[in-house]
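Shown here: entry.cif, mmCIF, C-alpha atoms.
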```cif
data_my_file
#
loop_
_atom_site.group_PDB
_atom_site.id
_atom_site.type_symbol
_atom_site.label_atom_id
_atom_site.label_comp_id
_atom_site.auth_asym_id
_atom_site.auth_seq_id
_atom_site.Cartn_x
_atom_site.Cartn_y
_atom_site.Cartn_z
ATOM 1 C CA MET X 1 -0.981 13.253 -2.271
ATOM 2 C CA GLY X 2 0.788 16.578 -2.556
ATOM 3 C CA GLU X 3 -1.582 18.775 -4.602
ATOM 4 C CA TRP X 4 -2.818 21.085 -1.864
ATOM 5 C CA ALA X 5 -2.981 24.412 -3.739
ATOM 6 C CA ARG X 6 -5.445 23.498 -6.477
ATOM 7 C CA GLY X 7 -6.320 26.109 -9.076
ATOM 8 C CA TRP X 8 -9.157 26.071 -11.584
ATOM 9 C CA GLN X 9 -6.935 24.156 -14.031
ATOM 10 C CA PHE X 10 -6.928 21.159 -11.694
ATOM 11 C CA TRP X 11 -10.712 20.917 -11.582
ATOM 12 C CA ALA X 12 -11.070 21.483 -15.327
ATOM 13 C CA ALA X 13 -8.510 18.783 -16.097
ATOM 14 C CA ARG X 14 -10.063 16.427 -13.574
ATOM 15 C CA ALA X 15 -13.482 16.657 -15.236
ATOM 16 C CA ARG X 16 -11.934 15.834 -18.613
ATOM 17 C CA ASP X 17 -9.903 12.986 -17.126
ATOM 18 C CA ASP X 18 -12.922 11.470 -15.383
ATOM 19 C CA ARG X 19 -14.982 11.567 -18.566
ATOM 20 C CA ALA X 20 -12.188 9.988 -20.596
ATOM 21 C CA ARG X 21 -11.705 7.296 -17.951
ATOM 22 C CA ASP X 22 -15.420 6.462 -17.938
ATOM 23 C CA GLY X 23 -15.346 6.091 -21.706
ATOM 24 C CA ILE X 24 -12.377 3.748 -21.536
ATOM 25 C CA MET X 25 -14.006 1.691 -18.792
ATOM 26 C CA GLN X 26 -17.133 1.137 -20.885
ATOM 27 C CA ARG X 27 -15.060 -0.446 -23.664
ATOM 28 C CA MET X 28 -13.100 -2.791 -21.382
ATOM 29 C CA GLN X 29 -13.849 -6.287 -20.140
ATOM 30 C CA ALA X 30 -14.340 -6.908 -16.404
ATOM 31 C CA PRO X 31 -10.767 -8.174 -15.688
ATOM 32 C CA GLU X 32 -9.286 -5.196 -17.530
ATOM 33 C CA ARG X 33 -11.458 -2.731 -15.598
ATOM 34 C CA ASP X 34 -10.448 -4.512 -12.428
ATOM 35 C CA LEU X 35 -6.733 -4.081 -13.096
ATOM 36 C CA LEU X 36 -7.145 -0.446 -14.130
ATOM 37 C CA ARG X 37 -8.924 0.330 -10.861
ATOM 38 C CA SER X 38 -6.190 -1.539 -8.985
ATOM 39 C CA GLN X 39 -3.570 0.708 -10.606
ATOM 40 C CA SER X 40 -5.359 3.988 -9.847
ATOM 41 C CA GLY X 41 -6.088 6.091 -6.794
ATOM 42 C CA PRO X 42 -3.926 8.059 -4.343
ATOM 43 C CA CYS X 43 -0.353 6.694 -4.140
ATOM 44 C CA ALA X 44 -1.087 3.858 -6.595
ATOM 45 C CA GLY X 45 1.915 4.831 -8.732
ATOM 46 C CA ARG X 46 4.132 5.851 -5.814
ATOM 47 C CA VAL X 47 6.651 3.093 -6.538
ATOM 48 C CA PHE X 48 7.499 4.837 -9.842
ATOM 49 C CA THR X 49 7.856 8.349 -8.378
ATOM 50 C CA VAL X 50 9.738 7.692 -5.138
ATOM 51 C CA LEU X 51 13.308 8.973 -5.106
ATOM 52 C CA PRO X 52 15.860 6.108 -4.825
ATOM 53 C CA THR X 53 17.900 7.906 -2.178
ATOM 54 C CA SER X 54 18.224 4.918 0.169
ATOM 55 C CA GLU X 55 18.185 1.144 -0.047
ATOM 56 C CA PRO X 56 14.525 0.708 1.047
ATOM 57 C CA THR X 57 13.364 2.980 -1.797
ATOM 58 C CA ARG X 58 15.446 1.473 -4.609
ATOM 59 C CA VAL X 59 13.830 -0.905 -7.094
ATOM 60 C CA PRO X 60 16.215 -3.126 -9.095
ATOM 61 C CA SER X 61 15.872 -2.832 -12.857
ATOM 62 C CA ALA X 62 14.622 -6.418 -13.294
ATOM 63 C CA GLU X 63 11.790 -5.895 -10.807
ATOM 64 C CA LEU X 64 10.927 -2.461 -12.194
ATOM 65 C CA ARG X 65 10.674 -3.958 -15.677
ATOM 66 C CA VAL X 66 8.256 -6.610 -14.415
ATOM 67 C CA LEU X 67 6.065 -3.984 -12.746
ATOM 68 C CA LEU X 68 5.915 -1.948 -15.952
ATOM 69 C CA LEU X 69 5.131 -5.012 -18.076
ATOM 70 C CA ARG X 70 2.405 -5.979 -15.641
ATOM 71 C CA ARG X 71 0.791 -2.530 -15.818
ATOM 72 C CA LEU X 72 0.955 -2.561 -19.628
ATOM 73 C CA ARG X 73 -0.504 -6.099 -19.780
ATOM 74 C CA LEU X 74 2.487 -7.440 -21.690
ATOM 75 C CA ASP X 75 4.132 -10.839 -21.330
ATOM 76 C CA LEU X 76 6.497 -11.274 -18.382
ATOM 77 C CA PRO X 77 9.958 -12.935 -18.522
ATOM 78 C CA PHE X 78 10.145 -16.729 -18.640
ATOM 79 C CA THR X 79 9.604 -18.592 -15.372
ATOM 80 C CA ALA X 80 8.357 -22.064 -14.410
ATOM 81 C CA SER X 81 5.659 -23.525 -16.647
ATOM 82 C CA ALA X 82 3.414 -24.920 -13.883
ATOM 83 C CA CYS X 83 2.220 -23.879 -10.442
ATOM 84 C CA ARG X 84 2.292 -26.016 -7.307
ATOM 85 C CA CYS X 85 -1.434 -26.522 -7.807
ATOM 86 C CA ARG X 86 -0.497 -28.180 -11.169
ATOM 87 C CA ALA X 87 -2.203 -25.481 -13.195
ATOM 88 C CA ARG X 88 -0.277 -23.977 -16.071
ATOM 89 C CA LEU X 89 1.136 -20.518 -15.373
ATOM 90 C CA ASP X 90 0.074 -17.796 -17.797
ATOM 91 C CA SER X 91 2.566 -15.410 -19.392
ATOM 92 C CA ARG X 92 1.128 -12.298 -17.696
ATOM 93 C CA GLY X 93 1.364 -13.500 -14.108
ATOM 94 C CA ASP X 94 -2.355 -13.561 -13.264
ATOM 95 C CA HIS X 95 -2.316 -17.071 -11.805
ATOM 96 C CA ARG X 96 0.876 -16.520 -9.839
ATOM 97 C CA ALA X 97 -0.468 -13.225 -8.471
ATOM 98 C CA ALA X 98 -3.506 -14.832 -6.828
ATOM 99 C CA CYS X 99 -2.940 -18.576 -6.333
ATOM 100 C CA PRO X 100 -2.959 -19.509 -2.620
ATOM 101 C CA THR X 101 -1.327 -22.862 -3.387
ATOM 102 C CA ALA X 102 1.861 -21.299 -4.764
ATOM 103 C CA GLY X 103 2.988 -20.443 -1.227
ATOM 104 C CA VAL X 104 3.909 -16.818 -1.949
ATOM 105 C CA LEU X 105 0.822 -14.892 -0.803
ATOM 106 C CA LYS X 106 1.830 -14.848 2.853
ATOM 107 C CA LYS X 107 5.551 -14.437 2.160
ATOM 108 C CA ARG X 108 5.146 -11.417 -0.073
ATOM 109 C CA GLY X 109 3.242 -9.635 2.708
ATOM 110 C CA ALA X 110 6.269 -9.795 5.026
ATOM 111 C CA PRO X 111 8.156 -6.813 3.501
ATOM 112 C CA LEU X 112 5.021 -4.672 3.822
ATOM 113 C CA GLU X 113 4.719 -5.725 7.459
ATOM 114 C CA LYS X 114 8.349 -4.707 8.027
ATOM 115 C CA ALA X 115 7.589 -1.363 6.398
ATOM 116 C CA ALA X 116 4.584 -0.868 8.706
ATOM 117 C CA ALA X 117 6.772 -1.655 11.716
ATOM 118 C CA ARG X 118 9.451 0.800 10.605
ATOM 119 C CA MET X 119 6.892 3.532 9.950
ATOM 120 C CA SER X 120 5.392 3.072 13.419
ATOM 121 C CA ARG X 121 8.854 3.081 14.986
ATOM 122 C CA GLU X 122 9.875 6.258 13.172
ATOM 123 C CA ALA X 123 6.630 7.900 14.296
ATOM 124 C CA GLY X 124 7.662 7.325 17.905
ATOM 125 C CA ALA X 125 5.985 4.035 18.808
ATOM 126 C CA ARG X 126 7.478 1.160 20.770
ATOM 127 C CA VAL X 127 6.993 -1.787 18.433
ATOM 128 C CA ALA X 128 6.800 -5.525 18.999
ATOM 129 C CA GLU X 129 6.711 -7.789 15.957
ATOM 130 C CA ASN X 130 5.397 -11.245 15.121
ATOM 131 C CA GLN X 131 3.593 -11.990 18.375
ATOM 132 C CA PHE X 132 1.365 -15.037 18.846
ATOM 133 C CA LEU X 133 -2.147 -14.013 19.825
ATOM 134 C CA ARG X 134 -2.289 -16.882 22.319
ATOM 135 C CA ASP X 135 0.721 -15.436 24.183
ATOM 136 C CA LEU X 136 -1.069 -12.147 24.860
ATOM 137 C CA ASN X 137 -3.585 -11.485 27.608
ATOM 138 C CA VAL X 138 -6.432 -11.074 25.127
ATOM 139 C CA ASP X 139 -9.875 -12.174 26.269
ATOM 140 C CA GLY X 140 -11.164 -15.061 24.167
ATOM 141 C CA ALA X 141 -7.813 -16.048 22.602
ATOM 142 C CA GLY X 142 -7.541 -19.829 22.586
ATOM 143 C CA ALA X 143 -4.481 -21.651 23.864
ATOM 144 C CA GLY X 144 -4.052 -23.401 20.541
ATOM 145 C CA ASP X 145 -4.601 -20.319 18.427
ATOM 146 C CA GLY X 146 -1.799 -20.001 15.853
ATOM 147 C CA MET X 147 -2.729 -16.475 14.777
ATOM 148 C CA ARG X 148 0.015 -13.865 14.938
ATOM 149 C CA LEU X 149 -0.042 -10.097 15.273
ATOM 150 C CA GLN X 150 2.656 -8.826 12.941
ATOM 151 C CA VAL X 151 3.030 -5.332 14.433
ATOM 152 C CA ILE X 152 1.988 -4.124 17.883
ATOM 153 C CA ALA X 153 2.590 -0.409 18.356
ATOM 154 C CA ASN X 154 2.479 1.260 21.760
ATOM 155 C CA GLY X 155 2.832 4.871 22.841
ATOM 156 C CA LEU X 156 1.183 6.674 19.912
ATOM 157 C CA PRO X 157 -1.490 9.308 20.660
ATOM 158 C CA LEU X 158 -3.874 7.844 18.087
ATOM 159 C CA TRP X 159 -7.462 6.921 18.885
ATOM 160 C CA GLY X 160 -7.133 8.006 22.469
ATOM 161 C CA GLY X 161 -3.692 6.441 22.941
ATOM 162 C CA ALA X 162 -4.909 2.899 22.214
ATOM 163 C CA GLN X 163 -2.462 0.116 21.532
ATOM 164 C CA LEU X 164 -2.407 -0.603 17.792
ATOM 165 C CA ALA X 165 -2.397 -4.051 16.223
ATOM 166 C CA VAL X 166 -1.280 -3.388 12.628
ATOM 167 C CA ASP X 167 -1.853 -6.118 10.071
ATOM 168 C CA ALA X 168 -0.428 -5.423 6.607
ATOM 169 C CA THR X 169 -1.679 -7.349 3.595
ATOM 170 C CA LEU X 170 -1.131 -7.308 -0.170
ATOM 171 C CA VAL X 171 -4.165 -8.530 -2.117
ATOM 172 C CA CYS X 172 -4.967 -9.255 -5.764
ATOM 173 C CA PRO X 173 -8.375 -8.213 -7.166
ATOM 174 C CA LEU X 174 -8.248 -11.007 -9.768
ATOM 175 C CA GLY X 175 -8.687 -14.696 -9.104
ATOM 176 C CA ARG X 176 -6.055 -17.214 -10.156
ATOM 177 C CA ASP X 177 -8.129 -17.949 -13.265
ATOM 178 C CA GLY X 178 -7.798 -14.298 -14.338
ATOM 179 C CA ALA X 179 -11.462 -13.470 -13.615
ATOM 180 C CA ALA X 180 -12.490 -10.428 -11.576
ATOM 181 C CA HIS X 181 -13.700 -10.918 -8.022
ATOM 182 C CA PRO X 182 -17.265 -9.770 -7.208
ATOM 183 C CA ARG X 183 -17.766 -5.968 -7.447
ATOM 184 C CA THR X 184 -14.073 -5.271 -8.091
ATOM 185 C CA ALA X 185 -14.608 -4.368 -11.751
ATOM 186 C CA ASP X 186 -17.226 -1.722 -10.903
ATOM 187 C CA GLU X 187 -16.154 -0.378 -7.483
ATOM 188 C CA ASP X 188 -12.828 1.188 -6.579
ATOM 189 C CA GLY X 189 -11.194 -0.626 -3.681
ATOM 190 C CA ALA X 190 -13.881 -3.317 -3.321
ATOM 191 C CA TRP X 191 -11.331 -6.070 -2.646
ATOM 192 C CA LEU X 192 -9.533 -3.887 -0.113
ATOM 193 C CA ARG X 193 -12.764 -3.623 1.843
ATOM 194 C CA GLU X 194 -13.091 -7.395 1.576
ATOM 195 C CA ALA X 195 -9.566 -7.719 2.969
ATOM 196 C CA ARG X 196 -10.630 -5.639 5.982
ATOM 197 C CA ARG X 197 -13.668 -7.867 6.510
ATOM 198 C CA ARG X 198 -11.499 -11.001 6.395
ATOM 199 C CA LYS X 199 -9.091 -9.579 8.937
ATOM 200 C CA GLU X 200 -12.004 -8.848 11.251
ATOM 201 C CA THR X 201 -13.008 -12.512 10.886
ATOM 202 C CA THR X 202 -9.433 -13.588 11.606
ATOM 203 C CA TYR X 203 -9.089 -11.438 14.737
ATOM 204 C CA PRO X 204 -12.582 -11.295 16.296
ATOM 205 C CA GLU X 205 -11.003 -10.860 19.740
ATOM 206 C CA LEU X 206 -9.681 -7.433 18.742
ATOM 207 C CA LEU X 207 -12.913 -5.956 17.430
ATOM 208 C CA ASP X 208 -14.462 -5.316 20.834
ATOM 209 C CA ALA X 209 -11.216 -4.926 22.761
ATOM 210 C CA ARG X 210 -11.023 -1.581 24.551
ATOM 211 C CA ARG X 211 -7.279 -1.856 25.059
ATOM 212 C CA CYS X 212 -6.328 -2.372 21.421
ATOM 213 C CA ARG X 213 -7.387 -1.222 17.965
ATOM 214 C CA LEU X 214 -7.022 -3.303 14.804
ATOM 215 C CA VAL X 215 -5.496 -1.376 11.891
ATOM 216 C CA VAL X 216 -5.499 -3.141 8.513
ATOM 217 C CA MET X 217 -2.904 -1.692 6.146
ATOM 218 C CA ALA X 218 -4.121 -3.167 2.853
ATOM 219 C CA LEU X 219 -2.647 -2.548 -0.595
ATOM 220 C CA GLU X 220 -3.477 -4.110 -3.949
ATOM 221 C CA VAL X 221 -0.865 -5.610 -6.261
ATOM 222 C CA GLY X 222 -1.646 -2.874 -8.785
ATOM 223 C CA GLY X 223 -0.614 -0.225 -6.252
ATOM 224 C CA ARG X 224 -3.982 0.988 -4.881
ATOM 225 C CA TRP X 225 -4.070 1.845 -1.172
ATOM 226 C CA SER X 226 -7.056 1.324 1.098
ATOM 227 C CA GLN X 227 -8.542 4.414 2.729
ATOM 228 C CA GLU X 228 -7.645 2.981 6.131
ATOM 229 C CA ALA X 229 -3.988 2.571 5.137
ATOM 230 C CA LEU X 230 -3.795 6.150 3.847
ATOM 231 C CA GLN X 231 -5.463 7.453 6.994
ATOM 232 C CA PHE X 232 -2.999 5.511 9.142
ATOM 233 C CA VAL X 233 -0.013 7.063 7.336
ATOM 234 C CA ARG X 234 -1.488 10.552 7.664
ATOM 235 C CA LEU X 235 -2.104 10.086 11.382
ATOM 236 C CA LEU X 236 1.441 8.790 11.894
ATOM 237 C CA ALA X 237 2.788 11.838 10.060
ATOM 238 C CA ASP X 238 0.619 14.102 12.202
ATOM 239 C CA CYS X 239 2.095 12.534 15.335
ATOM 240 C CA LYS X 240 5.620 12.943 13.994
ATOM 241 C CA ALA X 241 5.069 16.581 13.069
ATOM 242 C CA ARG X 242 3.970 17.545 16.592
ATOM 243 C CA SER X 243 7.592 17.723 17.709
ATOM 244 C CA ALA X 244 8.494 20.203 14.944
ATOM 245 C CA PRO X 245 8.200 23.991 15.293
ATOM 246 C CA GLU X 246 4.676 25.167 14.569
ATOM 247 C CA LEU X 247 5.743 27.058 11.456
ATOM 248 C CA LEU X 248 7.181 23.874 9.918
ATOM 249 C CA ARG X 249 4.548 21.324 10.947
ATOM 250 C CA ALA X 250 2.639 21.279 7.659
ATOM 251 C CA SER X 251 5.852 20.781 5.665
ATOM 252 C CA VAL X 252 7.144 18.135 8.074
ATOM 253 C CA LYS X 253 3.873 16.219 7.955
ATOM 254 C CA ALA X 254 3.817 16.271 4.159
ATOM 255 C CA ALA X 255 7.443 15.142 4.004
ATOM 256 C CA TRP X 256 6.852 12.136 6.267
ATOM 257 C CA ILE X 257 3.763 11.177 4.256
ATOM 258 C CA GLN X 258 5.893 11.221 1.122
ATOM 259 C CA ARG X 259 8.558 9.104 2.789
ATOM 260 C CA TRP X 260 6.262 6.484 4.287
ATOM 261 C CA THR X 261 4.006 6.042 1.258
ATOM 262 C CA GLY X 262 7.131 5.533 -0.824
ATOM 263 C CA LEU X 263 8.618 3.125 1.693
ATOM 264 C CA ALA X 264 5.494 0.957 1.867
ATOM 265 C CA SER X 265 4.806 1.071 -1.878
ATOM 266 C CA VAL X 266 8.320 -0.034 -2.754
ATOM 267 C CA ALA X 267 8.228 -2.852 -0.185
ATOM 268 C CA ALA X 268 4.891 -4.138 -1.493
ATOM 269 C CA GLN X 269 5.664 -3.830 -5.196
ATOM 270 C CA ARG X 270 9.155 -5.314 -4.926
ATOM 271 C CA ALA X 271 7.714 -8.320 -3.114
ATOM 272 C CA PHE X 272 5.050 -8.705 -5.793
ATOM 273 C CA ALA X 273 7.572 -8.439 -8.633
ATOM 274 C CA ALA X 274 9.940 -10.916 -6.969
ATOM 275 C CA SER X 275 7.096 -13.406 -6.535
ATOM 276 C CA LEU X 276 6.276 -13.168 -10.253
ATOM 277 C CA LEU X 277 9.932 -13.832 -11.098
ATOM 278 C CA HIS X 278 10.144 -16.762 -8.635
ATOM 279 C CA LEU X 279 12.876 -14.919 -6.730
ATOM 280 C CA PRO X 280 13.444 -15.275 -2.963
ATOM 281 C CA LEU X 281 11.655 -12.723 -0.788
ATOM 282 C CA ASP X 282 13.930 -12.985 2.252
ATOM 283 C CA GLY X 283 16.149 -10.004 1.435
ATOM 284 C CA LEU X 284 13.402 -7.446 0.876
ATOM 285 C CA ALA X 285 12.861 -6.297 4.483
ATOM 286 C CA CYS X 286 13.284 -2.521 4.847
ATOM 287 C CA ASP X 287 14.862 -2.301 8.275
ATOM 288 C CA GLY X 288 17.183 0.577 9.057
ATOM 289 C CA ASP X 289 17.803 3.696 11.092
ATOM 290 C CA GLU X 290 15.526 6.714 11.109
ATOM 291 C CA PRO X 291 16.716 9.382 8.655
ATOM 292 C CA TRP X 292 17.485 12.937 9.630
ATOM 293 C CA LEU X 293 14.608 15.366 9.237
ATOM 294 C CA GLN X 294 16.580 17.515 6.792
ATOM 295 C CA ASP X 295 16.997 14.487 4.517
ATOM 296 C CA VAL X 296 13.258 13.734 4.642
ATOM 297 C CA LEU X 297 12.445 17.354 3.813
ATOM 298 C CA ALA X 298 14.985 17.378 0.969
ATOM 299 C CA ASP X 299 13.453 14.278 -0.615
ATOM 300 C CA ALA X 300 9.937 15.699 -0.335
ATOM 301 C CA ARG X 301 11.002 18.993 -1.916
ATOM 302 C CA HIS X 302 11.956 17.236 -5.157
ATOM 303 C CA THR X 303 8.608 15.397 -5.411
ATOM 304 C CA GLU X 304 6.269 18.324 -4.778
ATOM 305 C CA ALA X 305 3.841 19.255 -7.534
ATOM 306 C CA PRO X 306 4.403 22.595 -9.301
ATOM 307 C CA ILE X 307 2.451 25.533 -7.933
ATOM 308 C CA PRO X 308 -0.665 26.105 -10.069
ATOM 309 C CA SER X 309 -1.274 29.354 -11.901
ATOM 310 C CA ARG X 310 -2.948 32.139 -9.923
ATOM 311 C CA MET X 311 -4.391 33.640 -13.097
ATOM 312 C CA PRO X 312 -8.210 33.578 -13.283
ATOM 313 C CA ALA X 313 -10.020 31.595 -15.932
ATOM 314 C CA ARG X 314 -10.640 33.465 -19.153
ATOM 315 C CA PRO X 315 -14.294 34.111 -20.082
#
```
Would you give me this structure, written as structure tokens?
Amino acid sequence: MGEWARGWQFWAARARDDRARDGIMQRMQAPERDLLRSQSGPCAGRVFTVLPTSEPTRVPSAELRVLLLRRLRLDLPFTASACRCRARLDSRGDHRAACPTAGVLKKRGAPLEKAAARMSREAGARVAENQFLRDLNVDGAGAGDGMRLQVIANGLPLWGGAQLAVDATLVCPLGRDGAAHPRTADEDGAWLREARRRKETTYPELLDARRCRLVVMALEVGGRWSQEALQFVRLLADCKARSAPELLRASVKAAWIQRWTGLASVAAQRAFAASLLHLPLDGLACDGDEPWLQDVLADARHTEAPIPSRMPARP
């Protein structure tokens, strides 16, 4: 995200990096490969590179330390000794990260949902949040259906102007026993694709609806973004940039991509870190006013990659 002018050095370094990564993967166990894949990919480390210029992009030192310890596979600070499922909690947070009985999986997705709502609002959409599916005039929705649509965005020129039902989710590629889920150790983003499939099962009424489109904004606890989530951010930025002068549209689009990927990454990773520390998640919502365009452009300017050399490769 941000390396548009790629010289020959980029491709040479990428080949070396890919070969080194493959060699490391071959020497690792399945759970370790799983976590490495979860921590790689576009925007996977965005929480560590975002500029802390506003409250929604600041990460407290205690939470940042937990995220770094988690990535380095070191022991986390002391917390409770047992989970609500009566299993003993491990020192590296694997059980807490994936246990559905602990009661934090749904709660830690709320800040990411708030980030998705704010992104849609800043892109120009009219947003409704936390709507019961049974209260909407959706064909096939049962009267007793307790499913909710977290973000409903109207007025965006995406996919032919369709209404968007955005469901944000934060998933863990490891099970609560620390074992890798099927295919996740050998395929990048396999559990993100599984998250999309589960959302389609949850909202079957929206799959064939002509009036609405289901958008699943899925991130992994290691930082990896799904392709659908990245595409959604890029399309939002494209919509936002249409109002800028033609000469500035590319810069404006890139700046909003930088802002929104940082906003969502910080929301997701702060919620994950707070859940590992057994801290409350209520104060992590990233509501606020839309920033001025000059501030967005200023933040993006300081995170741009250096311009590559124009010198040709030596024979």
(message) Using Å and a single decimal, report how far atom CA of X:Ala229 sits from atom CA of X:Ala125.
(response)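 Going from atom CA of X:Ala125 over to atom CA of X:Ala229, I get 17.0 Å.
Once the PyMOL selection byres ((chain X and resi 157-169) around 8) is applied to this file, the selection holds Gly109, Leu112, Glu113, Ala116, Leu149, Gln150, Val151, Ile152, Ala153, Asn154, Gly155, Leu156, Leu170, Val171, Ala195, Arg210, Arg211, Cys212, Arg213, Leu214, Val215, Val216, Met217, Ala218, Leu219, Leu235 and Cys239 of chain X.
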Hey, can I get the axis-aligned box for stretch 80-88 of chain X? All listed atoms, 4 Å padding on each side, centre and edge lengths in Å to one decimal, as JSON.
```
{"center_x": 3.1, "center_y": -25.1, "center_z": -12.0, "size_x": 18.6, "size_y": 14.1, "size_z": 17.3}
```
(message) Here is a test: counting only C-alpha atoms, which residue of X:Ala98, X:Ala110, X:Val66, X:Ala87 is nearest to X:Ala264?
(response)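 Ranking X:Ala98, X:Ala110, X:Val66, X:Ala87 by distance to X:Ala264, first place goes to X:Ala110.
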(message) Please compute the atom CA of X:Asp177-atom CA of X:Ala82 distance, one decimal, in Å.
(response) 13.5 Å
